[in-house]
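A.B. asks: Pasting a structure here, questions to come.
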Amino acid sequence: MKLFTKLYDMALVWAKHRHAERYLAGMSFAESVFFPVPPDVMLAPMSLAQPSKAWRFASFATVASVLGGVLGYLLGFWLFEPVVEPFIAQMQWQDKFNTALTWFKDYGVWVVFLAGFSPIPYKVFTIGAGVLQMAFLPFIIASGIGRGARFFLVSALMKWGGVKMEQKLRQYIEVLGWAVVALIAVAYLLLR
């Protein structure tokens with residue numbers, strides 16, 4: 001069953017859509033606050049489909065993500081108890097959020113940089129930074145560097161890999177796709 005190959009081909013077509021940059025920016029913004037899907041899934045095919053615009057796409061993703069991070073920070077700062085805390089409880093994320101707060105206390109601004117660059121859910125840390133009233137300027141700088149490094153790395157790999165990278169991805173997309181599904185299933189079983 002070639003499910004992921006079809007999805008991959010559709011993503012490459014959508015990456016050339018005239019509003020693709022807007023969709024990428026919207027996805028990057030939303031992912032920094034609440035959306036579960038990382039913008040890399042749109043950024044990578046966009047950079048593959050139009051390598052001459054790879055840096056532009058990475059810039060859009062970075063700026064929008066940091067702006068979304070600012071909204072997450074403000075939600076944590078001003079609306080944690082009435083809005084965010086009940087949502088975290090409803091989603092049963094309290095343990096993860098408490099872990100994030102502990103990391104903030106232990107490592108400070110470095111946690112924001114790490115969350116911005118890694119696959120760790122950045123949204124948890126944007127809200128946590130607001131709850132703990134982290135200094136705003138270091139938060140913005142760490143977010144910009146972390147998110148920028150991540151998105152420019154994705155774009156660079158796609159741009160420099162070019163057609164060869166696209167062919168290799170296409171060749172292994174089914175294996176990669178099903179591996180991700182398996183990892184998600186295992187993580188769900190372990191974390192529930």
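In the structure tokens, the first chain shown is A, the next is B, and so on; residue numbers restart at 1 for each chain, and ligands run from 1 in the order shown.
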Kindly provide the residues of range 48-165 of chain A that approach range 28-39 of chain A to within 10 Å, each paired with its closest atom pair and their distance in Å to one decimal, based on only C-alpha atoms, listed by chain and increasing number, as a tab-separated table.
C.D. replies:
```
residue	atom	partner	partner_atom	distance
A:Phe60	CA	A:Ser28	CA	8.4
A:Ala61	CA	A:Ser28	CA	5.5
A:Thr62	CA	A:Ser28	CA	7.6
A:Val63	CA	A:Phe29	CA	8.4
A:Ala64	CA	A:Phe29	CA	4.8
A:Ser65	CA	A:Phe29	CA	4.6
A:Val66	CA	A:Phe29	CA	7.4
A:Leu67	CA	A:Phe29	CA	6.4
A:Gly68	CA	A:Phe29	CA	4.3
A:Gly69	CA	A:Ser32	CA	5.2
A:Val70	CA	A:Ser32	CA	8.6
A:Leu71	CA	A:Val33	CA	6.9
A:Gly72	CA	A:Val33	CA	5.0
A:Tyr73	CA	A:Val33	CA	8.7
A:Leu75	CA	A:Val33	CA	8.9
A:Gly116	CA	A:Ser32	CA	9.2
A:Pro119	CA	A:Pro38	CA	8.3
A:Pro121	CA	A:Pro36	CA	8.1
A:Tyr122	CA	A:Ser32	CA	5.9
A:Lys123	CA	A:Ser32	CA	4.6
A:Val124	CA	A:Val33	CA	8.0
A:Phe125	CA	A:Ser32	CA	9.1
A:Thr126	CA	A:Ser32	CA	7.3
A:Ile127	CA	A:Val33	CA	7.7
A:Arg147	CA	A:Ser28	CA	9.9
A:Phe151	CA	A:Pro39	CA	8.7
```
A.B. asks: Using DSSP secondary structure from the backbone, list all helix (DSSP H, G or I) positions within range 101-136 of chain A, as a count of residues only.
C.D. replies: 27
A.B. asks: Under the rule that only C-alpha atoms are counted, which of A:Trp160, A:Ala89, A:Ile140, A:Asp95 is the nearest residue to Val109 in chain A?
C.D. replies: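 Closest candidate: A:Ile140.
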A.B. asks: For Leu132 in chain A, which residue among A:Phe77, A:Tyr107, A:Ala179, A:Ala100 is the nearest when counting only C-alpha atoms?
C.D. replies: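 Counting only C-alpha atoms, the residue closest to Leu132 in chain A is A:Phe77.
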A.B. asks: What is the CA of Ala156 in chain A-CA of Phe113 in chain A distance in Å, reported with one decimal?
C.D. replies: 19.5 Å
A.B. asks: Between CA of Glu81 in chain A and CA of Phe136 in chain A, what is the spacing in Å?
C.D. replies: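 Going from CA of Phe136 in chain A over to CA of Glu81 in chain A, I get 20.0 Å.
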A.B. asks: Which of these residues is nearest to Leu79 in chain A, using only C-alpha atoms: A:Val131, A:Val186, A:Ala11, A:Val154?
C.D. replies: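 Answer, going by the shortest atom-to-atom distance: A:Val131.
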A.B. asks: Go through A:Ala185, A:Leu176, A:Val83, A:Pro45 one by one, measure the shortest atom-to-atom distance of each to Lys2 in chain A using only C-alpha atoms, and give the residue with the smallest value.
C.D. replies: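 Of A:Ala185, A:Leu176, A:Val83, A:Pro45, the one nearest Lys2 in chain A, counting only C-alpha atoms, is A:Leu176.
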